[in-house]
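Next comes data-v4.txt, with compact mmCIF, C-alpha atoms.
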# COMPACT_ATOMS: atom_id res chain seq x y z
CA MET A 1 153.82 86.71 -68.28
CA THR A 2 153.44 82.95 -68.31
CA ARG A 3 155.55 81.94 -71.32
CA SER A 4 158.84 82.96 -69.72
CA SER A 5 160.26 81.26 -66.65
CA PRO A 6 159.40 83.28 -63.53
CA ARG A 7 162.24 84.22 -61.24
CA PRO A 8 162.47 82.36 -57.94
CA PRO A 9 161.26 84.33 -54.93
CA ALA A 10 163.98 86.30 -53.17
CA ARG A 11 165.07 85.26 -49.71
CA ALA A 12 163.94 88.65 -48.47
CA ALA A 13 160.29 89.09 -47.55
CA ARG A 14 159.19 90.24 -51.00
CA ALA A 15 155.91 89.11 -52.49
CA PRO A 16 156.30 86.66 -55.41
CA SER A 17 155.18 87.76 -58.85
CA THR A 18 151.85 86.71 -60.32
CA ALA A 19 153.72 84.48 -62.79
CA ALA A 20 155.53 82.77 -59.91
CA ILE A 21 152.28 82.24 -58.00
CA ILE A 22 150.61 80.70 -61.06
CA LYS A 23 153.52 78.31 -61.59
CA GLU A 24 153.58 77.48 -57.87
CA GLU A 25 149.86 76.65 -57.90
CA ILE A 26 150.26 74.44 -60.96
CA LEU A 27 153.22 72.56 -59.47
CA LEU A 28 151.37 72.07 -56.17
CA ASP A 29 148.35 70.76 -58.06
CA ARG A 30 150.45 68.30 -60.04
CA ALA A 31 152.27 67.15 -56.91
CA GLY A 32 148.99 66.28 -55.16
CA PHE A 33 148.87 69.32 -52.85
CA SER A 34 145.86 71.04 -54.32
CA PRO A 35 145.57 74.84 -54.02
CA GLY A 36 141.96 74.59 -55.19
CA GLN A 37 141.14 76.84 -58.11
CA ILE A 38 144.28 78.23 -59.77
CA ASP A 39 143.80 81.99 -59.72
CA GLY A 40 147.26 83.58 -59.51
CA GLN A 41 146.63 84.90 -56.02
CA ALA A 42 148.47 83.96 -52.85
CA GLY A 43 145.27 83.30 -50.89
CA SER A 44 144.44 81.01 -47.98
CA ASN A 45 144.15 77.83 -50.08
CA ASP A 46 147.49 78.56 -51.68
CA GLN A 47 149.10 79.02 -48.26
CA LYS A 48 147.58 75.83 -46.84
CA ALA A 49 148.75 73.75 -49.81
CA LEU A 50 152.24 75.27 -49.55
CA ALA A 51 152.41 74.52 -45.82
CA ALA A 52 151.36 70.91 -46.45
CA PHE A 53 154.00 70.55 -49.18
CA GLN A 54 156.66 72.11 -46.97
CA GLY A 55 155.84 69.85 -44.03
CA ALA A 56 155.82 66.74 -46.20
CA ASN A 57 159.24 67.69 -47.57
CA GLY A 58 160.98 68.43 -44.29
CA LEU A 59 160.67 72.20 -44.53
CA LYS A 60 159.22 74.59 -41.99
CA PRO A 61 155.49 74.79 -42.85
CA THR A 62 155.17 78.57 -43.09
CA GLY A 63 152.80 78.63 -46.05
CA HIS A 64 155.01 81.25 -47.70
CA LEU A 65 156.92 80.77 -50.95
CA ASP A 66 160.56 81.22 -50.01
CA ALA A 67 163.59 80.35 -52.12
CA GLU A 68 164.11 76.93 -50.53
CA THR A 69 160.48 75.95 -51.06
CA TRP A 70 160.62 77.20 -54.64
CA SER A 71 163.69 75.08 -55.31
CA ARG A 72 162.08 71.98 -53.83
CA LEU A 73 158.78 72.60 -55.65
CA THR A 74 160.30 73.18 -59.09
CA ALA A 75 162.33 70.00 -58.66
CA THR A 76 159.10 67.95 -58.57
CA SER A 77 158.61 68.19 -62.32
CA ASN A 78 160.48 69.14 -65.50
CA ASP A 79 157.27 69.53 -67.49
CA PRO A 80 156.25 73.06 -68.51
CA ALA A 81 153.78 74.82 -66.24
CA MET A 82 151.76 76.15 -69.16
CA VAL A 83 150.94 74.35 -72.41
CA GLU A 84 149.11 75.13 -75.61
CA TYR A 85 145.73 73.48 -76.00
CA GLU A 86 143.55 73.33 -79.10
CA ILE A 87 139.89 73.62 -78.22
CA GLU A 88 138.15 70.42 -79.27
CA PRO A 89 134.67 70.06 -80.81
CA GLY A 90 133.50 68.32 -77.64
CA ASP A 91 134.45 71.38 -75.59
CA VAL A 92 132.02 73.62 -77.44
CA LYS A 93 129.17 71.41 -78.66
CA GLY A 94 127.32 71.36 -75.33
CA PRO A 95 124.56 71.07 -74.44
CA PHE A 96 124.97 74.16 -72.25
CA ASN A 97 122.44 75.58 -69.83
CA LYS A 98 121.40 79.18 -70.43
CA SER A 99 121.57 79.77 -66.69
CA ILE A 100 121.46 77.86 -63.41
CA PRO A 101 118.86 79.09 -60.88
CA SER A 102 119.87 79.39 -57.23
CA SER A 103 116.69 77.75 -55.90
CA PHE A 104 116.85 74.00 -55.33
CA GLU A 105 113.22 73.68 -56.46
CA LYS A 106 114.01 75.53 -59.70
CA LYS A 107 117.09 73.38 -60.25
CA ALA A 108 114.85 70.31 -59.98
CA GLU A 109 112.91 71.54 -63.04
CA LEU A 110 115.98 71.32 -65.27
CA LYS A 111 116.81 68.23 -67.34
CA ASN A 112 120.53 68.62 -66.63
CA LEU A 113 122.92 70.96 -64.84
CA ASN A 114 125.70 71.48 -67.35
CA TYR A 115 128.08 74.38 -67.82
CA THR A 116 126.62 77.62 -69.13
CA VAL A 117 129.43 78.50 -71.60
CA PRO A 118 132.51 76.72 -73.04
CA ARG A 119 134.85 78.97 -71.05
CA GLU A 120 133.37 77.56 -67.84
CA LEU A 121 133.96 73.99 -69.06
CA LEU A 122 137.54 74.77 -70.10
CA ALA A 123 138.31 76.53 -66.82
CA GLU A 124 137.25 73.49 -64.82
CA LYS A 125 139.06 71.15 -67.19
CA PHE A 126 142.32 72.92 -66.36
CA HIS A 127 141.56 73.77 -62.70
CA VAL A 128 141.76 77.50 -63.39
CA ALA A 129 139.58 80.50 -62.53
CA PRO A 130 137.63 81.64 -65.60
CA ALA A 131 138.90 85.19 -65.13
CA LEU A 132 142.52 84.01 -65.17
CA LEU A 133 141.87 81.86 -68.25
CA THR A 134 140.66 85.00 -70.02
CA ARG A 135 143.70 86.97 -68.83
CA LEU A 136 145.98 84.28 -70.24
CA ASN A 137 144.09 84.34 -73.56
CA PRO A 138 142.70 87.88 -73.98
CA LYS A 139 142.01 87.54 -77.72
CA ALA A 140 140.84 83.93 -77.82
CA SER A 141 137.36 82.76 -78.77
CA PHE A 142 136.51 80.00 -76.30
CA GLU A 143 133.40 79.11 -78.34
CA THR A 144 135.34 78.06 -81.46
CA ALA A 145 136.80 74.58 -81.95
CA GLY A 146 140.35 74.70 -83.27
CA THR A 147 141.25 77.81 -81.30
CA LYS A 148 144.62 77.46 -79.59
CA ILE A 149 144.84 78.70 -76.02
CA VAL A 150 147.39 78.66 -73.21
CA VAL A 151 146.31 76.63 -70.16
CA PRO A 152 147.81 75.29 -66.92
CA ASN A 153 149.49 71.91 -67.38
CA VAL A 154 147.69 70.10 -64.57
CA ALA A 155 148.07 66.48 -65.63
CA ARG A 156 148.34 64.55 -62.36
CA LYS A 157 150.02 61.21 -61.82
CA PRO A 158 148.05 58.95 -59.45
CA PRO A 159 149.85 58.29 -56.15
CA GLU A 160 151.63 54.98 -55.89
CA ALA A 161 150.88 54.52 -52.20
CA LYS A 162 147.59 53.05 -51.01
CA VAL A 163 145.29 55.37 -49.07
CA GLU A 164 144.28 53.86 -45.73
CA LYS A 165 142.34 56.75 -44.24
CA VAL A 166 141.20 60.31 -44.90
CA VAL A 167 141.34 63.02 -42.25
CA VAL A 168 138.97 65.95 -42.55
CA ASP A 169 140.14 68.84 -40.40
CA LYS A 170 137.09 71.01 -39.84
CA SER A 171 139.09 73.83 -38.26
CA ALA A 172 141.73 74.08 -40.98
CA LEU A 173 139.22 73.37 -43.80
CA THR A 174 141.39 70.65 -45.31
CA VAL A 175 141.25 66.99 -46.36
CA ARG A 176 144.32 64.79 -46.09
CA ALA A 177 144.68 61.31 -47.59
CA LEU A 178 147.13 59.16 -45.62
CA ASP A 179 148.80 55.81 -46.13
CA GLY A 180 148.89 53.02 -43.57
CA HIS A 181 151.80 54.64 -41.72
CA GLY A 182 150.14 58.04 -41.57
CA LYS A 183 152.25 59.52 -44.35
CA LEU A 184 150.55 62.29 -46.32
CA ILE A 185 149.69 61.21 -49.87
CA SER A 186 147.27 63.88 -51.08
CA PHE A 187 146.02 67.21 -49.76
CA TYR A 188 142.90 69.20 -50.66
CA PRO A 189 141.24 72.41 -49.45
CA ALA A 190 137.65 71.84 -48.35
CA SER A 191 134.48 73.52 -47.18
CA VAL A 192 132.62 72.00 -44.24
CA GLY A 193 129.37 72.50 -42.38
CA SER A 194 128.27 75.61 -40.54
CA GLU A 195 127.45 76.02 -36.85
CA ASP A 196 123.78 75.43 -37.71
CA ARG A 197 124.49 72.37 -39.86
CA PRO A 198 127.90 71.05 -38.79
CA SER A 199 129.81 68.23 -40.40
CA PRO A 200 129.93 65.04 -38.33
CA THR A 201 132.69 64.16 -35.92
CA GLY A 202 134.25 60.83 -35.07
CA THR A 203 134.76 57.92 -37.45
CA ARG A 204 132.86 57.14 -40.61
CA HIS A 205 133.50 54.83 -43.53
CA ILE A 206 132.98 55.30 -47.22
CA ARG A 207 129.89 53.38 -48.29
CA SER A 208 129.92 54.01 -52.03
CA VAL A 209 131.23 56.32 -54.74
CA VAL A 210 129.00 57.69 -57.50
CA GLU A 211 130.23 59.51 -60.59
CA ASN A 212 127.95 62.13 -62.15
CA PRO A 213 125.38 61.72 -59.36
CA THR A 214 121.73 62.73 -59.24
CA TYR A 215 121.01 64.83 -56.16
CA HIS A 216 118.23 63.51 -53.92
CA TYR A 217 116.60 66.00 -51.55
CA SER A 218 114.63 64.84 -48.51
CA PRO A 219 112.36 67.20 -46.53
CA LYS A 220 114.00 65.77 -43.41
CA LEU A 221 117.06 67.84 -44.28
CA LYS A 222 115.09 71.08 -43.79
CA PHE A 223 117.48 73.22 -45.82
CA LYS A 224 117.03 76.94 -45.44
CA GLY A 225 115.23 78.37 -48.47
CA VAL A 226 113.66 75.07 -49.55
CA LYS A 227 109.91 75.43 -49.06
CA THR A 228 108.50 72.18 -50.42
CA GLN A 229 107.72 69.34 -47.99
CA LYS A 230 108.07 66.70 -50.72
CA PRO A 231 111.25 64.90 -51.81
CA PHE A 232 112.66 65.76 -55.21
CA ASP A 233 115.65 65.02 -57.43
CA ILE A 234 118.06 67.39 -59.16
CA ALA A 235 119.49 66.07 -62.42
CA ALA A 236 123.14 65.15 -62.80
CA GLY A 237 125.74 67.51 -64.17
CA PRO A 238 128.88 69.38 -63.07
CA LEU A 239 126.73 72.23 -61.69
CA ASN A 240 124.57 69.83 -59.67
CA PRO A 241 124.66 70.73 -55.92
CA VAL A 242 127.09 67.85 -55.28
CA GLY A 243 129.09 68.35 -58.45
CA SER A 244 130.47 65.49 -60.49
CA THR A 245 131.41 63.03 -57.69
CA TRP A 246 129.66 61.81 -54.52
CA ILE A 247 131.60 59.82 -51.89
CA ASP A 248 128.94 58.54 -49.52
CA LEU A 249 129.58 58.48 -45.77
CA GLY A 250 126.06 57.57 -44.66
CA ASP A 251 123.26 59.55 -42.95
CA SER A 252 123.11 61.99 -45.90
CA TYR A 253 126.76 63.02 -45.37
CA GLY A 254 129.36 62.82 -48.08
CA ILE A 255 132.57 64.15 -49.58
CA HIS A 256 131.66 65.61 -52.96
CA GLY A 257 132.24 68.16 -55.69
CA THR A 258 130.65 71.57 -56.02
CA PRO A 259 129.36 73.94 -58.71
CA SER A 260 131.28 76.79 -56.97
CA PRO A 261 135.01 75.91 -56.94
CA GLN A 262 135.95 79.49 -56.11
CA SER A 263 134.35 79.16 -52.65
CA VAL A 264 135.99 75.89 -51.59
CA GLY A 265 138.19 76.21 -48.53
CA LYS A 266 137.18 79.83 -47.92
CA SER A 267 135.70 81.05 -44.65
CA GLY A 268 132.37 81.91 -46.30
CA GLY A 269 132.10 78.67 -48.28
CA VAL A 270 130.15 76.60 -45.76
CA SER A 271 128.12 73.50 -46.61
CA HIS A 272 124.99 71.82 -45.28
CA GLY A 273 127.20 69.43 -43.32
CA CYS A 274 128.99 67.63 -46.15
CA VAL A 275 132.61 68.12 -47.19
CA HIS A 276 132.96 70.12 -50.41
CA LEU A 277 135.94 69.78 -52.75
CA THR A 278 136.40 71.19 -56.22
CA ASN A 279 135.02 68.80 -58.83
CA TRP A 280 138.53 67.89 -60.02
CA ASP A 281 139.74 67.27 -56.47
CA ALA A 282 136.68 65.14 -55.73
CA ARG A 283 137.48 63.06 -58.82
CA ALA A 284 141.11 62.77 -57.69
CA ALA A 285 139.98 61.78 -54.19
CA ASP A 286 137.67 59.19 -55.73
CA GLY A 287 140.66 57.73 -57.52
CA THR A 288 142.70 57.48 -54.32
CA VAL A 289 140.13 56.63 -51.65
CA ARG A 290 137.65 54.37 -53.47
CA ARG A 291 136.75 51.51 -51.11
CA GLN A 292 139.09 52.92 -48.45
CA PRO A 293 137.94 54.13 -44.99
CA ALA A 294 137.34 57.84 -44.44
CA TRP A 295 138.08 59.31 -41.03
CA LEU A 296 136.36 62.56 -40.09
CA VAL A 297 138.09 64.00 -37.08
CA ALA A 298 137.06 67.46 -35.90
CA GLY A 299 139.84 69.99 -35.53
CA THR A 300 142.67 67.45 -35.36
CA PRO A 301 146.04 69.23 -35.37
CA ILE A 302 148.45 67.66 -37.87
CA SER A 303 152.09 67.89 -36.82
CA PHE A 304 155.15 66.29 -38.40
CA ARG A 305 158.09 64.46 -36.88
CA SER A 306 160.98 62.64 -38.51
CA VAL A 307 161.20 58.89 -38.00
CA GLN A 308 164.16 57.20 -39.67
CA GLY A 309 164.12 59.64 -42.54
CA THR A 310 160.40 59.22 -43.24
CA ARG A 311 157.82 61.93 -42.71
CA TRP A 312 154.94 60.78 -40.52
CA ILE A 313 151.69 62.29 -39.31
CA GLN A 314 150.99 62.22 -35.59
Here is the file; what I need is its structure written in the form of structure tokens.
Amino acid sequence: MTRSSPRPPARAARAPSTAAIIKEEILLDRAGFSPGQIDGQAGSNDQKALAAFQGANGLKPTGHLDAETWSRLTATSNDPAMVEYEIEPGDVKGPFNKSIPSSFEKKAELKNLNYTVPRELLAEKFHVAPALLTRLNPKASFETAGTKIVVPNVARKPPEAKVEKVVVDKSALTVRALDGHGKLISFYPASVGSEDRPSPTGTRHIRSVVENPTYHYSPKLKFKGVKTQKPFDIAAGPLNPVGSTWIDLGDSYGIHGTPSPQSVGKSGGVSHGCVHLTNWDARAADGTVRRQPAWLVAGTPISFRSVQGTRWIQ
């Protein structure tokens, strides 16, 4: 399915093949228009990333993979969409957690919050859903170093432009990194706060960035399901509540990773007020927005207009 080149989508309204969707997601990821977790399904994150790519490239932002979009997308890279990867000793040596409890108090009892199995580590390493990784490698042993598997080729090149601000659209569930002229540099699906615990509005600035953070819980937060009235810490690790990266915005708000990449950007994937990205997108955002201002603007519509051949955000 993935070793041959998928056919471009027809101009008629026919659904693209699974192979085409996988390649599309990989190309979007590499181009800086993240579809979130690569799963081979044309879901809402896939459509939002496609629409952002289309708009940034002068195409009608429909969010659907038509022939013109396919042509423009495949022209972004000559590298193969899938590559062979040999599982390394570091991928399987651990330590791995036997399980991760759902309770925050129980999480605080653990010494670390690592992956539970090598397949989980490998899936995150290549931005892919564990189920799709298994489908791509049905006979592979993910626990054995030296095993050769087929994985998405998601090596990203850092953007050349300098990020001047970040717009979090709480209605669209997206994060956009912009340059000083308002040109879109990077795009990510996101989860935001609920009606009970909404994300902030207005303007905030990044205060600090922490890699592999320890999670600090304060009783003042009054999270549902947390019974203790004492502060506690949850150890670092990719399955920590804030994932592998914390971008601090002050007042206990932040842009950060998550142990549940499959829920990012989905209608049910709400947060306690922070902005959730996949761990790999949070690391990419860290690389582009470190020491740059973050702008959280509620429900801002992003429309495009052409100014002297350059695409601008207004």
(request) Can you work out which one of A:His205, A:Arg197, A:Arg135, A:Lys107 has the shortest atom-to-atom distance to Val166 of chain A, counting only C-alpha atoms? (result)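 Among A:His205, A:Arg197, A:Arg135, A:Lys107, it is A:His205 that comes nearest to Val166 of chain A.
Interatomic distance, atom CA of Leu173 of chain A to atom CA of Thr62 of chain A: 16.8 Å.
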(message) From (138.2, 72.3, -85.7), in the file's coordinates, out to 7 Å: which residues are reached, counting only C-alpha atoms? Answer as JSON, numbers by chain.
(response) {"A": [88, 89, 145, 146]}
Just C-alpha atoms for this one: save the residues we selected as a short mmCIF file (atom, residue, chain, number, x, y, z; two decimals), in the coordinates of the input.
data_model
loop_
_atom_site.label_atom_id
_atom_site.label_comp_id
_atom_site.auth_asym_id
_atom_site.auth_seq_id
_atom_site.Cartn_x
_atom_site.Cartn_y
_atom_site.Cartn_z
CA GLU A 88 138.15 70.42 -79.27
CA PRO A 89 134.67 70.06 -80.81
CA ALA A 145 136.80 74.58 -81.95
CA GLY A 146 140.35 74.70 -83.27
#
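Across A:Ile247, A:Ile38, A:Val150, A:Leu110, the tightest approach to Pro130 of chain A is made by A:Ile38 when counting all atoms listed in the file.
Of note, atom CA of Glu211 of chain A and atom CA of Ser260 of chain A are spaced 17.7 Å apart.
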(message) Under the rule that all atoms listed in the file are counted, which of A:Tyr253, A:Trp280, A:Tyr217, A:Phe223 is the nearest residue to Gly32 of chain A?
(response) A:Trp280
(request) Quick one: pull the distance between atom CA of Ala75 of chain A and atom CA of Ala20 of chain A, Å, one decimal. (result)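 Pair atom CA of Ala75 of chain A / atom CA of Ala20 of chain A returns 14.5 Å.
Across A:Ala131, A:Val226, A:Val151, A:Ala284, the tightest approach to Ala177 of chain A is made by A:Ala284 when counting all atoms listed in the file.
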Axis-aligned box over every listed atom of segment 161-166 of chain A, padded by 3 Å per side: centre and edges in Å to one decimal, as JSON?
{"center_x": 146.0, "center_y": 56.7, "center_z": -48.2, "size_x": 15.7, "size_y": 13.3, "size_z": 14.0}
(message) Can you pull out the residues contacting Gly257 of chain A? Cut-off 9 Å, using only C-alpha atoms, and skip same-chain residues under 5 positions away; I want them as JSON, numbers by chain.
(response) {"A": [238, 240, 241, 242, 243, 244, 245, 246, 275, 276, 277, 278, 279, 280, 281, 282, 283]}
Taking the point (152.8, 73.0, -71.8) as given in the file, collect each protein or nucleic acid residue that comes within 9 Å of it, counting only C-alpha atoms, and present the set as a PDB file with C-alpha atoms, in the coordinates of the input.
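Saved as result14.pdb:
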ATOM      1  CA  ASP A  79     157.270  69.530 -67.490  1.00  0.00           C
ATOM      2  CA  PRO A  80     156.250  73.060 -68.510  1.00  0.00           C
ATOM      3  CA  ALA A  81     153.780  74.820 -66.240  1.00  0.00           C
ATOM      4  CA  MET A  82     151.760  76.150 -69.160  1.00  0.00           C
ATOM      5  CA  VAL A  83     150.940  74.350 -72.410  1.00  0.00           C
ATOM      6  CA  GLU A  84     149.110  75.130 -75.610  1.00  0.00           C
ATOM      7  CA  TYR A  85     145.730  73.480 -76.000  1.00  0.00           C
ATOM      8  CA  VAL A 150     147.390  78.660 -73.210  1.00  0.00           C
ATOM      9  CA  VAL A 151     146.310  76.630 -70.160  1.00  0.00           C
ATOM     10  CA  PRO A 152     147.810  75.290 -66.920  1.00  0.00           C
ATOM     11  CA  ASN A 153     149.490  71.910 -67.380  1.00  0.00           C
TER      12      ASN A 153
END
(request) Would you kindly return, as JSON, numbers by chain, each protein, DNA or RNA residue with an atom no farther than 7 Å from any atom of segment 93-103 of chain A, considering all atoms listed in the file and excluding same-chain residues fewer than 5 positions away? (result) {"A": [113, 114, 115, 116, 117]}
Select from segment 221-267 of chain A every residue with an atom at most 7 Å from any atom of segment 187-194 of chain A, then for each give the shortest pair of atoms and their distance in Å to one decimal, using only C-alpha atoms, rows by chain and rising number, as a tab-separated table.
residue	atom	partner	partner_atom	distance
A:Val264	CA	A:Ser191	CA	5.2
A:Gly265	CA	A:Ala190	CA	4.4
A:Lys266	CA	A:Ser191	CA	6.9
(request) Choose the residue, out of A:Val167, A:Ala155, A:Gln54, A:Lys148, that has the smallest atom-to-atom separation from Glu68 of chain A; count all atoms listed in the file. (result)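 Counting all atoms listed in the file, the residue closest to Glu68 of chain A is A:Gln54.
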Using only C-alpha atoms, which protein or nucleic acid residues come within 12 Å of His127 of chain A? Drop anything in the same chain fewer than 5 positions from it, and give the result as a short mmCIF file (atom, residue, chain, number, x, y, z; two decimals) with C-alpha atoms, keeping the file's coordinate frame.
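Dumped everything to result-v3.cif:
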data_model
loop_
_atom_site.label_atom_id
_atom_site.label_comp_id
_atom_site.auth_asym_id
_atom_site.auth_seq_id
_atom_site.Cartn_x
_atom_site.Cartn_y
_atom_site.Cartn_z
CA ILE A 22 150.61 80.70 -61.06
CA GLU A 25 149.86 76.65 -57.90
CA ILE A 26 150.26 74.44 -60.96
CA LEU A 28 151.37 72.07 -56.17
CA ASP A 29 148.35 70.76 -58.06
CA ARG A 30 150.45 68.30 -60.04
CA SER A 34 145.86 71.04 -54.32
CA PRO A 35 145.57 74.84 -54.02
CA GLY A 36 141.96 74.59 -55.19
CA GLN A 37 141.14 76.84 -58.11
CA ILE A 38 144.28 78.23 -59.77
CA ASP A 39 143.80 81.99 -59.72
CA GLY A 40 147.26 83.58 -59.51
CA ARG A 119 134.85 78.97 -71.05
CA GLU A 120 133.37 77.56 -67.84
CA LEU A 121 133.96 73.99 -69.06
CA LEU A 122 137.54 74.77 -70.10
CA LEU A 132 142.52 84.01 -65.17
CA LEU A 133 141.87 81.86 -68.25
CA VAL A 151 146.31 76.63 -70.16
CA PRO A 152 147.81 75.29 -66.92
CA ASN A 153 149.49 71.91 -67.38
CA VAL A 154 147.69 70.10 -64.57
CA ALA A 155 148.07 66.48 -65.63
CA ARG A 156 148.34 64.55 -62.36
CA PRO A 261 135.01 75.91 -56.94
CA GLN A 262 135.95 79.49 -56.11
CA THR A 278 136.40 71.19 -56.22
CA ASN A 279 135.02 68.80 -58.83
CA TRP A 280 138.53 67.89 -60.02
CA ASP A 281 139.74 67.27 -56.47
#
Select from segment 88-167 of chain A every residue with an atom at most 8 Å from any atom of segment 180-184 of chain A, then for each give the shortest pair of atoms and their distance in Å to one decimal, using all atoms listed in the file, rows by chain and rising number, as JSON lines.
{"residue": "A:Lys162", "atom": "CA", "partner": "A:Gly180", "partner_atom": "CA", "distance": 7.6}
{"residue": "A:Val163", "atom": "CA", "partner": "A:Gly180", "partner_atom": "CA", "distance": 7.0}
{"residue": "A:Glu164", "atom": "CA", "partner": "A:Gly180", "partner_atom": "CA", "distance": 5.2}
{"residue": "A:Lys165", "atom": "CA", "partner": "A:Gly180", "partner_atom": "CA", "distance": 7.6}
If you count all atoms listed in the file, which residues fall within 10 Å of Glu109 of chain A, apart from same-chain ones fewer than 4 positions away, as a short mmCIF file (atom, residue, chain, number, x, y, z; two decimals) with C-alpha atoms, in the frame of the given file?
data_model
loop_
_atom_site.label_atom_id
_atom_site.label_comp_id
_atom_site.auth_asym_id
_atom_site.auth_seq_id
_atom_site.Cartn_x
_atom_site.Cartn_y
_atom_site.Cartn_z
CA PRO A 101 118.86 79.09 -60.88
CA PHE A 104 116.85 74.00 -55.33
CA GLU A 105 113.22 73.68 -56.46
CA PHE A 232 112.66 65.76 -55.21
CA ASP A 233 115.65 65.02 -57.43
CA ILE A 234 118.06 67.39 -59.16
CA ALA A 235 119.49 66.07 -62.42
#
